>>> print(open('input-v1.cif').read())   # mmCIF, C-alpha atoms
data_model
#
loop_
_atom_site.label_atom_id
_atom_site.label_comp_id
_atom_site.auth_asym_id
_atom_site.auth_seq_id
_atom_site.Cartn_x
_atom_site.Cartn_y
_atom_site.Cartn_z
CA MET B 1 -41.49 -37.62 8.19
CA SER B 2 -40.15 -38.86 11.51
CA ASP B 3 -41.55 -42.01 13.12
CA ASP B 4 -41.22 -40.35 16.52
CA PRO B 5 -44.46 -39.11 18.08
CA ALA B 6 -45.11 -35.39 18.07
CA PRO B 7 -44.05 -33.82 21.39
CA THR B 8 -46.95 -33.33 23.77
CA ALA B 9 -45.15 -31.88 26.80
CA LEU B 10 -43.10 -28.84 27.75
CA PHE B 11 -40.01 -28.42 29.90
CA LEU B 12 -39.81 -24.85 31.25
CA VAL B 13 -36.75 -23.11 32.71
CA HIS B 14 -37.13 -19.65 34.26
CA GLY B 15 -34.65 -16.80 34.52
CA TRP B 16 -32.64 -15.05 37.23
CA GLY B 17 -34.76 -13.57 40.04
CA PHE B 18 -37.91 -15.52 39.16
CA THR B 19 -39.67 -18.83 39.89
CA PRO B 20 -41.63 -21.37 37.81
CA ASP B 21 -44.78 -19.29 38.40
CA PHE B 22 -43.34 -16.94 35.79
CA TRP B 23 -44.72 -19.29 33.12
CA GLN B 24 -48.36 -19.23 34.21
CA PRO B 25 -49.64 -16.62 31.71
CA VAL B 26 -48.20 -18.64 28.83
CA LEU B 27 -49.50 -21.95 30.15
CA THR B 28 -52.96 -20.45 30.53
CA ARG B 29 -52.99 -19.61 26.83
CA LEU B 30 -51.74 -23.05 25.86
CA GLY B 31 -54.61 -24.78 27.66
CA GLY B 32 -54.03 -28.16 29.24
CA VAL B 33 -50.57 -28.91 27.90
CA GLU B 34 -48.45 -31.07 30.19
CA ALA B 35 -45.59 -28.99 31.62
CA THR B 36 -42.65 -29.72 33.89
CA ALA B 37 -40.77 -26.73 35.32
CA LEU B 38 -37.26 -26.56 36.68
CA ASP B 39 -36.83 -24.36 39.78
CA PHE B 40 -33.41 -22.80 40.38
CA GLY B 41 -34.31 -22.23 44.02
CA PHE B 42 -33.90 -18.47 44.16
CA PHE B 43 -36.69 -18.11 46.74
CA GLY B 44 -37.13 -21.62 48.10
CA PRO B 45 -35.84 -25.17 47.71
CA PRO B 46 -34.48 -25.87 44.24
CA SER B 47 -36.01 -28.52 42.00
CA MET B 48 -33.43 -29.34 39.37
CA THR B 49 -34.03 -32.98 38.48
CA ALA B 50 -37.62 -33.30 37.23
CA ARG B 51 -37.96 -33.81 33.46
CA PRO B 52 -40.90 -34.65 31.19
CA SER B 53 -41.33 -38.28 30.28
CA GLY B 54 -40.89 -38.77 26.58
CA ARG B 55 -40.40 -36.39 23.68
CA HIS B 56 -40.94 -32.72 24.55
CA VAL B 57 -40.17 -29.11 23.69
CA ALA B 58 -37.95 -27.13 26.08
CA VAL B 59 -38.54 -23.41 26.67
CA GLY B 60 -36.06 -21.22 28.53
CA HIS B 61 -36.21 -17.58 29.52
CA SER B 62 -33.01 -15.53 29.85
CA LEU B 63 -30.74 -17.50 32.23
CA GLY B 64 -32.99 -20.48 31.56
CA ALA B 65 -32.16 -20.28 27.86
CA LEU B 66 -28.43 -20.40 28.58
CA TRP B 67 -28.94 -23.29 31.00
CA LEU B 68 -30.77 -25.29 28.33
CA LEU B 69 -27.99 -24.73 25.80
CA LEU B 70 -25.48 -25.98 28.35
CA ASN B 71 -27.69 -28.88 29.49
CA PRO B 72 -29.78 -30.07 26.52
CA PRO B 73 -32.34 -32.50 27.96
CA ALA B 74 -32.72 -36.04 26.71
CA ASP B 75 -35.74 -36.54 24.42
CA CYS B 76 -35.89 -32.81 23.68
CA ALA B 77 -37.36 -32.35 20.20
CA GLY B 78 -36.80 -28.59 20.01
CA MET B 79 -35.89 -25.52 22.07
CA LEU B 80 -37.44 -22.08 22.21
CA LEU B 81 -35.18 -19.48 23.83
CA ILE B 82 -37.11 -16.40 25.00
CA ASN B 83 -35.11 -13.23 25.76
CA GLY B 84 -32.19 -15.62 25.60
CA PHE B 85 -28.51 -15.67 24.80
CA ALA B 86 -25.64 -18.08 24.33
CA ARG B 87 -23.34 -15.91 26.40
CA PHE B 88 -24.11 -13.11 28.86
CA GLY B 89 -20.76 -11.89 30.18
CA ALA B 90 -18.60 -9.76 27.90
CA THR B 91 -15.24 -10.94 26.64
CA ALA B 92 -12.65 -9.54 24.24
CA ASP B 93 -14.40 -11.26 21.33
CA TYR B 94 -17.89 -10.50 22.67
CA PRO B 95 -18.09 -6.83 23.68
CA GLU B 96 -21.89 -6.89 23.29
CA GLY B 97 -22.14 -8.83 26.56
CA ILE B 98 -22.47 -7.40 30.06
CA PRO B 99 -19.13 -6.33 31.60
CA PRO B 100 -18.03 -8.81 34.29
CA ARG B 101 -17.64 -5.96 36.79
CA VAL B 102 -21.39 -5.31 36.61
CA ILE B 103 -22.18 -8.94 37.37
CA GLU B 104 -19.57 -9.03 40.15
CA ARG B 105 -21.07 -5.89 41.72
CA MET B 106 -24.43 -7.65 41.86
CA ALA B 107 -22.75 -10.67 43.45
CA ARG B 108 -21.15 -8.52 46.14
CA GLY B 109 -24.51 -6.94 46.87
CA LEU B 110 -25.98 -10.38 47.48
CA ASP B 111 -23.64 -10.78 50.46
CA HIS B 112 -25.41 -8.02 52.40
CA HIS B 113 -28.68 -7.02 50.70
CA PRO B 114 -29.88 -9.87 48.48
CA ASP B 115 -33.52 -8.75 48.47
CA ASP B 116 -32.51 -5.27 47.30
CA VAL B 117 -30.35 -6.69 44.50
CA VAL B 118 -33.25 -8.82 43.29
CA ALA B 119 -35.72 -5.93 43.52
CA THR B 120 -33.40 -3.65 41.54
CA PHE B 121 -32.93 -6.23 38.82
CA ARG B 122 -36.62 -7.05 38.57
CA GLY B 123 -37.44 -3.36 38.33
CA ARG B 124 -34.93 -2.85 35.53
CA ALA B 125 -36.32 -5.90 33.77
CA GLY B 126 -39.78 -4.35 33.86
CA ILE B 127 -41.68 -5.78 36.83
CA GLU B 128 -42.51 -3.84 39.98
CA THR B 129 -44.33 -6.55 41.94
CA PRO B 130 -42.41 -7.89 44.96
CA ALA B 131 -40.35 -11.05 44.70
CA PRO B 132 -42.22 -14.17 45.85
CA GLY B 133 -40.17 -14.57 49.02
CA PRO B 134 -36.83 -13.92 50.71
CA ALA B 135 -33.93 -14.18 48.30
CA ARG B 136 -31.58 -17.14 48.68
CA ALA B 137 -28.23 -15.46 48.13
CA GLU B 138 -26.20 -18.61 47.56
CA ARG B 139 -28.39 -19.79 44.70
CA LEU B 140 -28.53 -16.35 43.11
CA ALA B 141 -24.73 -16.04 43.39
CA TRP B 142 -24.25 -19.44 41.74
CA ALA B 143 -26.41 -18.29 38.84
CA LEU B 144 -24.49 -15.02 38.50
CA GLU B 145 -21.27 -16.98 38.13
CA LEU B 146 -22.91 -18.94 35.35
CA LEU B 147 -24.04 -15.73 33.68
CA ARG B 148 -20.57 -14.23 33.94
CA ASP B 149 -18.56 -17.22 32.71
CA ALA B 150 -20.65 -19.70 30.73
CA ASP B 151 -20.39 -19.74 26.94
CA ALA B 152 -22.62 -21.80 24.63
CA ARG B 153 -21.88 -19.92 21.41
CA ASP B 154 -20.19 -22.92 19.85
CA SER B 155 -23.35 -25.02 20.23
CA PHE B 156 -24.70 -24.08 16.82
CA ASP B 157 -23.94 -25.34 13.37
CA ALA B 158 -23.44 -22.34 11.10
CA GLU B 159 -25.52 -23.66 8.21
CA SER B 160 -28.37 -25.71 9.64
CA GLY B 161 -29.25 -23.70 12.76
CA ALA B 162 -28.90 -26.85 14.83
CA ALA B 163 -25.81 -28.11 16.57
CA GLU B 164 -24.85 -31.05 14.36
CA SER B 165 -21.49 -31.09 16.10
CA ASN B 166 -23.42 -31.83 19.29
CA ALA B 167 -25.80 -34.72 18.65
CA ALA B 168 -27.74 -33.89 21.82
CA MET B 169 -28.80 -30.47 20.55
CA PRO B 170 -32.24 -30.23 18.91
CA PRO B 171 -33.50 -27.51 16.54
CA ILE B 172 -33.46 -24.10 18.23
CA ARG B 173 -35.61 -21.00 17.80
CA VAL B 174 -35.32 -17.61 19.50
CA LEU B 175 -37.98 -15.08 20.52
CA ALA B 176 -36.45 -11.70 21.39
CA GLY B 177 -37.61 -8.26 22.49
CA GLY B 178 -36.70 -5.29 20.37
CA GLN B 179 -36.70 -3.07 23.48
CA ASP B 180 -35.07 -5.52 25.90
CA PRO B 181 -33.07 -3.57 28.53
CA ILE B 182 -31.27 -6.67 29.86
CA VAL B 183 -30.52 -8.48 26.60
CA PRO B 184 -30.54 -5.73 23.94
CA PRO B 185 -30.79 -6.64 20.26
CA ALA B 186 -27.05 -6.23 19.73
CA MET B 187 -26.39 -8.94 22.32
CA THR B 188 -28.98 -11.24 20.78
CA GLU B 189 -27.47 -10.84 17.33
CA ALA B 190 -23.89 -11.28 18.54
CA SER B 191 -24.86 -14.23 20.70
CA PHE B 192 -26.51 -16.29 17.98
CA ARG B 193 -24.50 -14.88 15.06
CA GLY B 194 -27.22 -15.60 12.52
CA ARG B 195 -27.05 -19.32 13.25
CA VAL B 196 -30.58 -19.75 14.60
CA PRO B 197 -33.86 -18.12 13.53
CA VAL B 198 -34.80 -15.09 15.65
CA GLU B 199 -38.36 -13.78 15.82
CA TRP B 200 -38.49 -10.19 17.04
CA VAL B 201 -41.24 -8.70 19.19
CA GLU B 202 -40.50 -5.12 18.22
CA ASP B 203 -42.15 -3.48 21.24
CA GLY B 204 -41.15 -6.25 23.65
CA GLY B 205 -38.88 -5.94 26.67
CA HIS B 206 -37.16 -8.57 28.78
CA LEU B 207 -40.23 -10.29 30.20
CA LEU B 208 -42.03 -11.50 27.10
CA PRO B 209 -43.80 -14.39 28.87
CA LEU B 210 -45.44 -11.81 31.16
CA THR B 211 -45.97 -8.93 28.74
CA HIS B 212 -46.57 -10.86 25.50
CA PRO B 213 -47.83 -14.29 26.57
CA ASP B 214 -49.85 -14.68 23.37
CA ARG B 215 -46.72 -14.30 21.23
CA CYS B 216 -44.85 -16.75 23.44
CA ALA B 217 -47.65 -19.31 23.36
CA ALA B 218 -47.92 -18.98 19.57
CA ALA B 219 -44.16 -19.49 19.16
CA ILE B 220 -44.30 -22.60 21.34
CA ALA B 221 -47.24 -24.00 19.38
CA ARG B 222 -45.42 -23.38 16.08
CA LEU B 223 -42.31 -25.18 17.31
CA ILE B 224 -44.34 -28.14 18.54
CA ALA B 225 -45.99 -28.35 15.12
CA GLU B 226 -42.68 -27.93 13.30
CA VAL B 227 -40.81 -30.65 15.14
CA GLY B 228 -43.86 -32.90 14.93
CA ARG B 229 -43.64 -32.74 11.14
CA SER B 230 -39.88 -33.32 10.97
#
>>> encode(input="input-v1.cif", output="structure tokens")
Amino acid sequence: MSDDPAPTALFLVHGWGFTPDFWQPVLTRLGGVEATALDFGFFGPPSMTARPSGRHVAVGHSLGALWLLLNPPADCAGMLLINGFARFGATADYPEGIPPRVIERMARGLDHHPDDVVATFRGRAGIETPAPGPARAERLAWALELLRDADARDSFDAESGAAESNAAMPPIRVLAGGQDPIVPPAMTEASFRGRVPVEWVEDGGHLLPLTHPDRCAAAIARLIAEVGRS
């Protein structure tokens, strides 16, 4: 049993084409939990520096999951990656990823029609409501470069499911959609290579915090309880 206090706060990181408001359905189900949310600034000023004070659980969706793997926060007791991946862009040893040309085509579209690119992506992801404001092309383009190039697959220890080779990395869990059109099951499996536990929402798509907030809230609560006992 650890002498550290059980985590009482969350650090939330949203995905591409969204804002911190994305987390509201999950937070509603968790009650009055303290939460700090990073904002990539896709539709307004970014907020990249705020962090919870003390021990916490970090939750990332899609791009936010990759960002957390690349930037594990101090005092993070555990991570839940929802619709997440350790690499998005395809490579010779990772054909399950998205071809770079697809990501680059989106980036070119941001130069002239950023709102249309965002609307197309959000529609494919499974949400038809308008984006919360005018798209900020430079921030979206920065994130696309991250999605195309960044690779966190070596973060995990093959036996323990935690990155013992990286002392900053806490225990990691994954919640994935069996019908995800953006991160299909083959990408999830290739990305994590059996090195972290994956819980499947068989009828879930890419927006589990919106479509299955109860499952997301339950997974967060389980992780808080698990790391509190460790």
>>> resolve_selection(input="input-v1.cif", expression="the PyMOL selection byres ((chain B and resi 38) around 7)", output="PyMOL selection string")
chain B and resi 12-13+20+36-37+39-40+47-48+50
>>> write_last_selection(input="input-v1.cif", atoms="C-alpha atoms", output="CSV table (one decimal), in the frame of the given file")
chain,number,residue,atom,x,y,z
B,12,LEU,CA,-39.8,-24.8,31.2
B,13,VAL,CA,-36.8,-23.1,32.7
B,20,PRO,CA,-41.6,-21.4,37.8
B,36,THR,CA,-42.6,-29.7,33.9
B,37,ALA,CA,-40.8,-26.7,35.3
B,39,ASP,CA,-36.8,-24.4,39.8
B,40,PHE,CA,-33.4,-22.8,40.4
B,47,SER,CA,-36.0,-28.5,42.0
B,48,MET,CA,-33.4,-29.3,39.4
B,50,ALA,CA,-37.6,-33.3,37.2
>>> closest_residue(input="input-v1.cif", among="B:Thr28, B:Leu70, B:Phe22, B:Gly78", to="Pro170 in chain B", atoms="all atoms listed in the file")
B:Gly78
>>> resolve_selection(input="input-v1.cif", expression="the PyMOL selection byres ((chain B and resi 34) around 9)", output="compact mmCIF listing (two decimals) with C-alpha atoms, in the coordinates of the input")
# COMPACT_ATOMS: atom_id res chain seq x y z
CA THR B 8 -46.95 -33.33 23.77
CA ALA B 9 -45.15 -31.88 26.80
CA LEU B 10 -43.10 -28.84 27.75
CA PHE B 11 -40.01 -28.42 29.90
CA GLY B 32 -54.03 -28.16 29.24
CA VAL B 33 -50.57 -28.91 27.90
CA ALA B 35 -45.59 -28.99 31.62
CA THR B 36 -42.65 -29.72 33.89
CA PRO B 52 -40.90 -34.65 31.19
>>> resolve_selection(input="input-v1.cif", expression="the PyMOL selection byres ((chain B and resi 211) around 12)", output="list of chain:residue names")
B:Phe22, B:Trp23, B:Gln24, B:Pro25, B:Val26, B:Ala125, B:Gly126, B:Ile127, B:Gly177, B:Asp180, B:Val201, B:Asp203, B:Gly204, B:Gly205, B:His206, B:Leu207, B:Leu208, B:Pro209, B:Leu210, B:His212, B:Pro213, B:Asp214, B:Arg215, B:Cys216, B:Ala217
>>> residues_around(input="input-v1.cif", residues="Phe42 in chain B", least_positions_apart="2", cutoff="12 Å", atoms="all atoms listed in the file", output="ChimeraX atom specification")
/B:14-20,38-40,44-48,110,114-115,118,131-144
>>> closest_residue(input="input-v1.cif", among="B:Pro72, B:Asn83, B:Asp151, B:His61", to="Gln179 in chain B", atoms="only C-alpha atoms")
B:Asn83
